[in-house]
Every structure is written in C-alpha cells, then in structure tokens.
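Okay, so here's the structure we're looking at.
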Amino acid sequence: MVDVILGLQWGDEGKGKIVDYFAPRYDVVARFQGGPNAGHTLYVNGEKMVLHQIPSGIFHQNTINIIGNGVVLDPVTLKKECDKVAAMGIEVKKNLFISERTNIIVPTHRALDKASEMQKGDSKIGSTLKGIGPAYMDKTGRNAIRVGDLLDKGFISQYIKLRLKHQKLLDNFNFNEDITAWEEEFFEALEFLRTLNVVNGEYFINNKISEGKKVLAEGAQGSMLDIDFGTFPFVTSSNTISAGVCTGLGVSPKQINEVLGVTKAYCTRVGSGPFPTELDDATGEELRKIGSEFGATTGRPRRCGWIDLVALRYACMINGVTQVVMTKADVLDAFEDLKVCTAYKIDGKETEEVPFQMSRLKIEPIHKNFKGWNIDTTKISEAAKLPAQMSSYIDFINGYIGAPVKFVSNGPGREQIVSL
Ligand code: GDP
Ligand code: IMO
Ligand code: MG
C-alpha cells in the first residue's frame with residue numbers, strides 16, 4: 001500500500017514538514033521524481049534542515065528512505081547532505097537506499113542548464129540551475145548514466161562519451177566556463193555514492209509492499225510545475241503528479257491508496273511563468289515578509305498572491321487527491337481581509353478551467369472576499385479552537401475543490417499541525 005504526499009501549487013507548499021510529520025506512520029518514505037531543485041525544510045529538535053535529495057523521512061530511526069528511479073541524482077549534493085545529516089547524529093547510510101535505475105546529474109548537465117537559460121534571456125524558465133532539464137533530456141534521449149552503471153567497468157567510457165556530446169552542445173552555446181572544479185568534486189562524490197546501499201529499486205519496494213509495509217511517496221515541486229499539466233514551458237522536467245509515483249518507483253497504480261495534496265493557505269511561485277493571483281503590491285510584500293517566502297534552494301524571493309482555487313481544483317482532479325493539507329494558515333493571521341480566486345476572466349469571458357497556454361493569455365482573477373480571523377493561531381492544537389472565520393474559509397475551499405482539507409498546519413514546527 002502506497003500513500004502519496006505531493007504539492008498542489010508551484011512548489012514549496014511545505015511538503016518536507018508534512019512528510020516528516022507523517023513519516024512515523026510509515027515504514028518507507030520514497031522520493032519518486034525531481035532532484036536537487038527541491039528544497040524541503042524540516043525542523044528537527046528546533047534545528048532547521050533543508051533536504052534536496054534525501055527523502056524527508058530520514059530523521060526517523062525506523063523509517064527506510066528510498067531515492068527512486070524517477071529521481072535525477074546529483075552525487076555532490078547527496079554527499080554534502082549525507083554529511084550534514086550524519087553530523088546531526090543520524091545513521092544516514094543505514095536507512096538510505098538508492099535505485100540502480102536512478103539517473104545521475106553530471107557537471108555538464110549543470111553547465112548546460114546555465115547555458116540554456118542564458119540563451120533564453122528574458123524568456124528564461126527561472127530554473128534552479130541544478131541540471132534538472134538536461135539530465136531528464138538525457139534520460140528520454142537514452143544517453144543517461146544511471147547509478148547502477150557506476151558499478152560497471154564501462155562507466156568511464158560511458159562518462160567520456162556523454163561529456164564529449166555535452167561539450168559540443170556547450171560550444172554551440174558559446175559556454176566556456178571552467179568546470180574542472182565541479183568535475184573533481186563529482187568524482188570524489190561518486191566514490192562516496194559507491195559506498196551507499198544501491199538496490200534493485202522496484203523489487204526492493206514491491207517486496208516491502210508484499211510484506212505489508214506502508215510506503216509514503218514524497219513528491220517534489222508542485223502539480224502546476226508538472227511537465228505535462230503545469231504552466232508549460234515554465235515547468236520542471238518531471239511528472240510531479242501522483243501518476244509519477246508509478247513510473248518513478250515501479251509500483252502499480254493499484255497500490256496507490258491515499259493521495260494527500262499539500263497547498264498553502266495562499267499561493268507562491270519562484271521563477272518565471274504565469275501566476276494569475278500574483279500580488280505585485282504591499283499585500284504581496286506582506287505575505288512574503290510574514291511567510292518568509294524566500295526559496296529554500298536558491299534563496300530567491302518567492303512571488304506571492306492569494307490562493308487560486310481554479311488551479312487547485314485542477315490539481316486535485318489530475319492527482320486524485322483524497323485529502324488536503326493546508327499549510328501556512330498562520331501566515332494569514334495578520335490579514336484583516338482575505339481573497340480567494342474562484343474564476344479567471346480571459347478576453348472578457350469567465351472560466352473555471354485552467355486554459356491550455358496560460359503564458360500567452362492575459363488572465364484576470366475573479367475573487368471572493370473573506371474576513372480574516374486576526375488572532376494568533378500558532379499555538380492551537382485542536383480543531384474546535386480554530387477561529388470561526390478560518391473554518392468558513394476552509395469550508396468554502398472544500399466545497400469548491402471537491403476534496404476535504406483534513407489538516408491545517410499553523411507553523412513550521414513538527415508539532416504545529418491541527419487535524420480536522
Ligand atoms: P517544500 O519544498 O514543499 O518542502 O516547502 P519549503 O521547505 O521549500 O517551504 C516551506 C517553508 O514554509 C519552509 O520554510 C517551512 O519551514 C515553512 N512552513 C511549513 N509549514 C508551515 C506553516 O504551517 N507555517 C509557517 N509559518 N511556515 C511553515
Ligand atoms: P520543492 O520540491 C519551487 C521551479 C524553478 C523554475 C522551474 C524549473 O522545494 O517544492 P528546474 O530547476 O526544475 O529546471 O526549474 O521550477 N522549481 C521549484 N519551485 N519549489 C521547487 O521544489 C522547485 N523546483 C523547481 O524555480 O521556475
Ligand atoms: Mg521547497
């Protein structure tokens with residue numbers, strides 16, 4: 001049986017905290033897509049930790065953590081992260097498993113990401129520049145190196161072949177930064193990677209399922225950044241939605257049970273691309289300040305706006321969301337008036353559907369107004385104590401998106417969550 005936790009917006013919904021909270025109920029936590037573009041923040045004994053490659057179950061002694069075949073893995077980031085986690089007293093090697101089929105990010109993937117973004121100029125994606133797009137291109141282009149290849153004698157010639165191919169592309173981009181230092185740390189990190197538990201991932205996970213173990217699949221990015229259903233081309237390069245769990249871990253759709261979708265009580269986006277409810281004003285600034293909305297991976301300020309129910313309902317539909325977790329509800333404590341977007345106005349016509357090509361359209365959000373609750377909710381732990389205005393806000397959202405908000409997160413701490 002596999003449950004899923006994934007993002008319903010443009011990423012950074014608070015998935016890391018939520019996975020960490022639920023992890024004790026599971027035997028296995030598995031990442032199924034994305035790579036070090038992810039930044040999942042957790043607080044462990046009051047200490048902040050941002051995970052990019054390691055699944056967010058790593059801080060629980062009895063939880064096995066798997067990096068699945070759908071992930072693109074940067075050995076350098078992984079090594080640094082393992083060192084950090086180990087320094088926090090965690091036996092990281094014991095509980096971390098990596099699929100042989102996981103694709104590797106090589107230094108030239110990062111260079112290509114940078115070169116491609118530079119060439120795009122004003123129309124750049126706003127990539128995290130971690131090499132994600134080029135790494136997935138080599139996967140679908142059937143050129144990639146996978147973790148299992150590291151143990152093969154032919155690895156070096158495979159690497160050189162790929163390196164030469166990338167060099168030609170980089171020359172075309174006129175990219176001539178020296179990446180020798182990146183390569184040095186890459187080869188050092190490969191030695192470390194060889195010491196980790198590399199497994200036949202799909203057998204490993206299906207055997208666990210057959211033994212009756214509970215698996216939690218941890219999404220990265222968000223549904224609106226999905227390569228097929230997001231705001232293309234301003235998306236990431238993987239399937240971030242629940243369907244990605246099957247291809248990213250090798251589990252059958254029949255095994256998928258609960259799909260927990262995480263959304264902020266408002267909305268943010270980092271990087272370029274359409275964002276209909278974006279607030280380019282003092283209110284947006286206030287959300288950024290109170291919500292500390294700065295990227296966990298790149299430190300970039302996040303664009304902020306009201307919750308977009310058109311996009312949220314779409315995300316619930318394509319994911320088959322069974323329960324919603326609403327995070328950062330406490331950030332709205334400070335606001336006297338709130339808005340939720342219930343429709344888009346495009347060329348004078350109202351629609352409740354996400355259009356094909358958002359980035360070519362001028363979309364005006366239609367809002368419904370709500371009174372704020374204006375009290376400090378960060379210490380509330382029971383549903384009955386939540387302010388009535390927050391309940392009305394949530395009731396309306398439940399009705400609109402057709403999936404129930406079952407948990408409200410009211411602070412970054414592990415214990416700051418209210419079950420409804
Ligand atoms: P992820 O990528 O989805 O895991 O989210 P990030 O870690 O990138 O961003 C979420 C940020 O919000 C982190 O700084 C979290 O510590 C913080 N956070 C998560 N849940 C809450 C919450 O309920 N309230 C507040 N104030 N902060 C939260
Ligand atoms: P988590 O898992 C927010 C965004 C980038 C850029 C676009 C493509 O922490 O929610 P990429 O590096 O994939 O080529 O970037 O996607 N992006 C994210 N935004 N949270 C993330 O991950 C993101 N991962 C990628 O900002 O707009
Ligand atoms: Mg993040």
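Letters for chains follow the order of the structure tokens (A, B, ...), residue numbers begin at 1 for each chain, and ligand numbers begin at 1 in the order shown.
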
>> Could you list, as a list in words, every residue within 8 Å of region 385-402 of chain A, counting only C-alpha atoms and ignoring same-chain residues fewer than 5 positions away?
In response: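 Near region 385-402 of chain A, the qualifying residues are Leu309, Leu312, Arg313, Cys316, Phe370, Lys371, Gly372, Trp373, Ile375, Thr377 and Ile380 of chain A.
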
With N, CA and C atoms retained, write the just-selected residues as a compact mmCIF listing (two decimals), in the first residue's frame.
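Below is the file out00.txt, written as the result:
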```
# COMPACT_ATOMS: atom_id res chain seq x y z
N LEU A 309 -8.13 28.90 -6.54
CA LEU A 309 -8.94 27.68 -6.45
C LEU A 309 -9.18 27.03 -7.82
N LEU A 312 -6.18 25.01 -8.08
CA LEU A 312 -6.18 23.99 -7.02
C LEU A 312 -7.16 22.85 -7.34
N ARG A 313 -8.33 23.21 -7.86
CA ARG A 313 -9.30 22.16 -8.22
C ARG A 313 -8.76 21.29 -9.37
N CYS A 316 -6.28 18.93 -7.91
CA CYS A 316 -6.94 17.83 -7.19
C CYS A 316 -7.46 16.80 -8.18
N PHE A 370 -13.12 37.32 1.90
CA PHE A 370 -13.37 36.73 3.23
C PHE A 370 -12.85 37.66 4.30
N LYS A 371 -13.50 37.63 5.46
CA LYS A 371 -12.97 38.36 6.62
C LYS A 371 -11.86 37.53 7.22
N GLY A 372 -10.78 38.17 7.60
CA GLY A 372 -9.69 37.44 8.26
C GLY A 372 -10.05 37.11 9.70
N TRP A 373 -9.24 36.29 10.37
CA TRP A 373 -9.56 35.93 11.76
C TRP A 373 -8.77 36.77 12.75
N ILE A 375 -6.30 36.60 14.72
CA ILE A 375 -5.76 36.19 16.03
C ILE A 375 -4.57 35.26 15.79
N THR A 377 -2.86 32.06 15.69
CA THR A 377 -3.34 30.66 15.69
C THR A 377 -2.20 29.65 15.90
N ILE A 380 -2.56 26.82 18.55
CA ILE A 380 -3.78 26.00 18.60
C ILE A 380 -3.45 24.56 18.17
```

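Within region 67-154 of chain A, residues classed as strand (DSSP E) by DSSP on backbone coordinates are A:Ile67, A:Val72, A:Leu73, A:Leu96, A:Phe97, A:Ile98, A:Ser99, A:Asn103, A:Ile104.
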
Preceding selection exported with all heavy atoms as a PDB file, in the first residue's frame:
```pdb
ATOM      1  N   ILE A  67      15.558   6.598  -2.670  1.00  0.00           N
ATOM      2  CA  ILE A  67      15.605   7.514  -3.816  1.00  0.00           C
ATOM      3  C   ILE A  67      15.259   6.654  -5.032  1.00  0.00           C
ATOM      4  O   ILE A  67      16.003   5.739  -5.393  1.00  0.00           O
ATOM      5  CB  ILE A  67      16.994   8.169  -3.947  1.00  0.00           C
ATOM      6  CG1 ILE A  67      17.280   9.017  -2.685  1.00  0.00           C
ATOM      7  CG2 ILE A  67      17.082   9.005  -5.220  1.00  0.00           C
ATOM      8  CD1 ILE A  67      18.635   9.697  -2.651  1.00  0.00           C
ATOM      9  N   VAL A  72      16.370  12.415 -10.457  1.00  0.00           N
ATOM     10  CA  VAL A  72      17.700  12.670 -11.017  1.00  0.00           C
ATOM     11  C   VAL A  72      18.605  13.072  -9.847  1.00  0.00           C
ATOM     12  O   VAL A  72      18.265  13.954  -9.060  1.00  0.00           O
ATOM     13  CB  VAL A  72      17.687  13.748 -12.134  1.00  0.00           C
ATOM     14  CG1 VAL A  72      17.131  13.171 -13.427  1.00  0.00           C
ATOM     15  CG2 VAL A  72      16.892  14.988 -11.745  1.00  0.00           C
ATOM     16  N   LEU A  73      19.727  12.371  -9.747  1.00  0.00           N
ATOM     17  CA  LEU A  73      20.555  12.444  -8.539  1.00  0.00           C
ATOM     18  C   LEU A  73      21.883  13.130  -8.803  1.00  0.00           C
ATOM     19  O   LEU A  73      22.648  12.702  -9.675  1.00  0.00           O
ATOM     20  CB  LEU A  73      20.803  11.011  -8.042  1.00  0.00           C
ATOM     21  CG  LEU A  73      21.668  10.862  -6.798  1.00  0.00           C
ATOM     22  CD1 LEU A  73      20.956  11.427  -5.573  1.00  0.00           C
ATOM     23  CD2 LEU A  73      22.016   9.393  -6.560  1.00  0.00           C
ATOM     24  N   LEU A  96      19.229   4.656   4.127  1.00  0.00           N
ATOM     25  CA  LEU A  96      19.093   5.266   2.805  1.00  0.00           C
ATOM     26  C   LEU A  96      19.394   4.237   1.701  1.00  0.00           C
ATOM     27  O   LEU A  96      20.429   3.581   1.729  1.00  0.00           O
ATOM     28  CB  LEU A  96      20.048   6.462   2.678  1.00  0.00           C
ATOM     29  CG  LEU A  96      19.952   7.246   1.373  1.00  0.00           C
ATOM     30  CD1 LEU A  96      18.585   7.898   1.219  1.00  0.00           C
ATOM     31  CD2 LEU A  96      21.043   8.321   1.310  1.00  0.00           C
ATOM     32  N   PHE A  97      18.474   4.123   0.754  1.00  0.00           N
ATOM     33  CA  PHE A  97      18.608   3.165  -0.352  1.00  0.00           C
ATOM     34  C   PHE A  97      18.385   3.904  -1.666  1.00  0.00           C
ATOM     35  O   PHE A  97      17.541   4.792  -1.739  1.00  0.00           O
ATOM     36  CB  PHE A  97      17.583   2.033  -0.192  1.00  0.00           C
ATOM     37  CG  PHE A  97      17.856   1.180   1.030  1.00  0.00           C
ATOM     38  CD1 PHE A  97      17.488   1.620   2.300  1.00  0.00           C
ATOM     39  CD2 PHE A  97      18.509  -0.035   0.909  1.00  0.00           C
ATOM     40  CE1 PHE A  97      17.768   0.851   3.422  1.00  0.00           C
ATOM     41  CE2 PHE A  97      18.791  -0.811   2.039  1.00  0.00           C
ATOM     42  CZ  PHE A  97      18.417  -0.374   3.290  1.00  0.00           C
ATOM     43  N   ILE A  98      19.147   3.522  -2.680  1.00  0.00           N
ATOM     44  CA  ILE A  98      19.047   4.215  -3.972  1.00  0.00           C
ATOM     45  C   ILE A  98      18.817   3.183  -5.066  1.00  0.00           C
ATOM     46  O   ILE A  98      19.495   2.143  -5.098  1.00  0.00           O
ATOM     47  CB  ILE A  98      20.343   5.004  -4.274  1.00  0.00           C
ATOM     48  CG1 ILE A  98      20.638   5.973  -3.111  1.00  0.00           C
ATOM     49  CG2 ILE A  98      20.241   5.771  -5.591  1.00  0.00           C
ATOM     50  CD1 ILE A  98      21.997   6.614  -3.164  1.00  0.00           C
ATOM     51  N   SER A  99      17.885   3.486  -5.948  1.00  0.00           N
ATOM     52  CA  SER A  99      17.612   2.562  -7.053  1.00  0.00           C
ATOM     53  C   SER A  99      18.748   2.586  -8.073  1.00  0.00           C
ATOM     54  O   SER A  99      19.285   3.653  -8.389  1.00  0.00           O
ATOM     55  CB  SER A  99      16.300   2.948  -7.740  1.00  0.00           C
ATOM     56  OG  SER A  99      16.205   2.244  -8.963  1.00  0.00           O
ATOM     57  N   ASN A 103      18.775   8.150 -12.422  1.00  0.00           N
ATOM     58  CA  ASN A 103      19.662   8.841 -13.368  1.00  0.00           C
ATOM     59  C   ASN A 103      20.576   9.835 -12.654  1.00  0.00           C
ATOM     60  O   ASN A 103      20.156  10.513 -11.709  1.00  0.00           O
ATOM     61  CB  ASN A 103      18.830   9.576 -14.422  1.00  0.00           C
ATOM     62  CG  ASN A 103      18.185   8.612 -15.402  1.00  0.00           C
ATOM     63  OD1 ASN A 103      18.497   8.599 -16.575  1.00  0.00           O
ATOM     64  ND2 ASN A 103      17.290   7.767 -14.906  1.00  0.00           N
ATOM     65  N   ILE A 104      21.810   9.909 -13.150  1.00  0.00           N
ATOM     66  CA  ILE A 104      22.809  10.763 -12.492  1.00  0.00           C
ATOM     67  C   ILE A 104      22.931  12.120 -13.188  1.00  0.00           C
ATOM     68  O   ILE A 104      22.960  12.196 -14.422  1.00  0.00           O
ATOM     69  CB  ILE A 104      24.182  10.052 -12.473  1.00  0.00           C
ATOM     70  CG1 ILE A 104      24.082   8.822 -11.555  1.00  0.00           C
ATOM     71  CG2 ILE A 104      25.291  10.971 -12.015  1.00  0.00           C
ATOM     72  CD1 ILE A 104      25.358   8.035 -11.452  1.00  0.00           C
TER      73      ILE A 104
END
```

Residues near Ile290 (chain A), cut-off 9 Å, only C-alpha atoms, skip fewer than 3 positions along chain, as a compact mmCIF listing (two decimals) with C-alpha atoms, in the first residue's frame:
```
# COMPACT_ATOMS: atom_id res chain seq x y z
CA GLU A 285 5.13 42.07 0.09
CA GLU A 286 3.42 41.46 3.44
CA LEU A 287 2.78 37.79 2.55
CA GLU A 293 8.91 33.46 1.33
CA VAL A 331 0.64 33.48 7.88
CA LEU A 332 -2.90 34.76 7.21
CA ALA A 334 -2.15 39.07 10.29
```

> Using only C-alpha atoms and all ligand atoms, which protein or nucleic acid residues are at most 9 Å from ligand 2, as an MDAnalysis selection string?
Replying inline: chainID A and resid 6:7 9:16 34:41 51:52 113 124:134 219:222 225:226 233:238 268:273 295:298 300 302

Write out as a short mmCIF file (atom, residue, chain, number, x, y, z; two decimals) with C-alpha atoms, in the first residue's frame which residues come within 7 Å of Phe32 (chain A) when counting only C-alpha atoms, dropping same-chain ones fewer than 6 positions away.
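In the end it all went to around08.cif:
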```
data_model
loop_
_atom_site.label_atom_id
_atom_site.label_comp_id
_atom_site.auth_asym_id
_atom_site.auth_seq_id
_atom_site.Cartn_x
_atom_site.Cartn_y
_atom_site.Cartn_z
CA ILE A 67 15.60 7.51 -3.82
CA GLY A 68 13.58 6.06 -6.68
CA ASN A 69 14.35 5.58 -10.36
CA GLY A 70 12.29 8.65 -11.32
CA VAL A 71 14.68 10.96 -9.46
CA ALA A 217 5.78 8.57 -1.68
CA GLU A 218 7.17 12.11 -1.32
CA GLY A 219 6.62 14.49 -4.21
CA GLY A 244 4.62 9.90 -11.44
CA VAL A 245 4.70 7.64 -8.38
CA GLY A 248 9.13 6.85 -10.55
CA LEU A 249 9.17 3.89 -8.18
#
```

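When CA of Ser292 (chain A) is paired with atom 12 (O, counted along the ligand's line) of ligand 1, their separation reads 7.4 Å.
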
>> Which of region 192-316 of chain A end up as helix (DSSP H, G or I) when DSSP is run on this backbone - answer as number ranges by chain?
In response: A: 192-193, 201-210, 223-225, 243-249, 253-255, 282-290, 309-316

>> Can you tell me which residues surround Ile58 (chain A) at a distance of at most 9 Å, considering only C-alpha atoms, apart from same-chain residues fewer than 6 positions away, and format the answer as a ChimeraX atom specification?
In response: /A:20,23,29,64-65,85,90-92,95-96

> Skipping near chain neighbours, those fewer than 3 positions away, what residues fall within 8 Å of Val405 (chain A) using only C-alpha atoms, listed as a count of residues only?
Replying inline: 8

>> Please compute the CA of Gly201 (chain A)-CA of Val147 (chain A) distance, one decimal, in Å.
In response: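 About the pair CA of Gly201 (chain A) and CA of Val147 (chain A): they are 11.1 Å apart.
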
>> Ranking A:Glu352, A:Leu162, A:Phe294, A:Glu278 by minimum distance to ligand 3 and counting only C-alpha atoms and all ligand atoms, which one comes first?
In response: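 Smallest separation from ligand 3 among the options: A:Phe294.
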
Residues at most 10 Å from Thr195 (chain A), counting only C-alpha atoms, excluding those fewer than 4 positions away in the same chain, as a PDB file with N, CA and C atoms, in the first residue's frame?
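The resulting selection10.pdb:
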```pdb
ATOM      1  N   LYS A  93      23.518   6.222   6.399  1.00  0.00           N
ATOM      2  CA  LYS A  93      23.775   5.123   5.446  1.00  0.00           C
ATOM      3  C   LYS A  93      22.891   3.909   5.722  1.00  0.00           C
ATOM      4  N   LEU A 190      31.320  10.436  -6.337  1.00  0.00           N
ATOM      5  CA  LEU A 190      30.977   9.115  -6.873  1.00  0.00           C
ATOM      6  C   LEU A 190      31.538   8.014  -5.988  1.00  0.00           C
ATOM      7  N   GLU A 191      32.752   8.265  -5.462  1.00  0.00           N
ATOM      8  CA  GLU A 191      33.356   7.275  -4.553  1.00  0.00           C
ATOM      9  C   GLU A 191      32.455   7.073  -3.349  1.00  0.00           C
TER      10      GLU A 191
END
```

> Counting only C-alpha atoms, which of A:Arg101, A:Lys213, A:Arg163, A:Lys120 gets nearest to Val199 (chain A)?
Replying inline: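 Of A:Arg101, A:Lys213, A:Arg163, A:Lys120, the one nearest Val199 (chain A) is A:Arg101, counting only C-alpha atoms.
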
>> Could you check the closest approach to ligand 1 for each of A:Thr378, A:Ser359, A:Asn62, A:Gln33 and tell me which residue wins, using only C-alpha atoms and all ligand atoms?
In response: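 Among the listed residues, the smallest separation from ligand 1 belongs to A:Thr378.
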
> If you measure from CA of Lys368 (chain A) to CA of Val340 (chain A), what distance in Å do you get, rounded to one decimal?
Replying inline: 5.4 Å
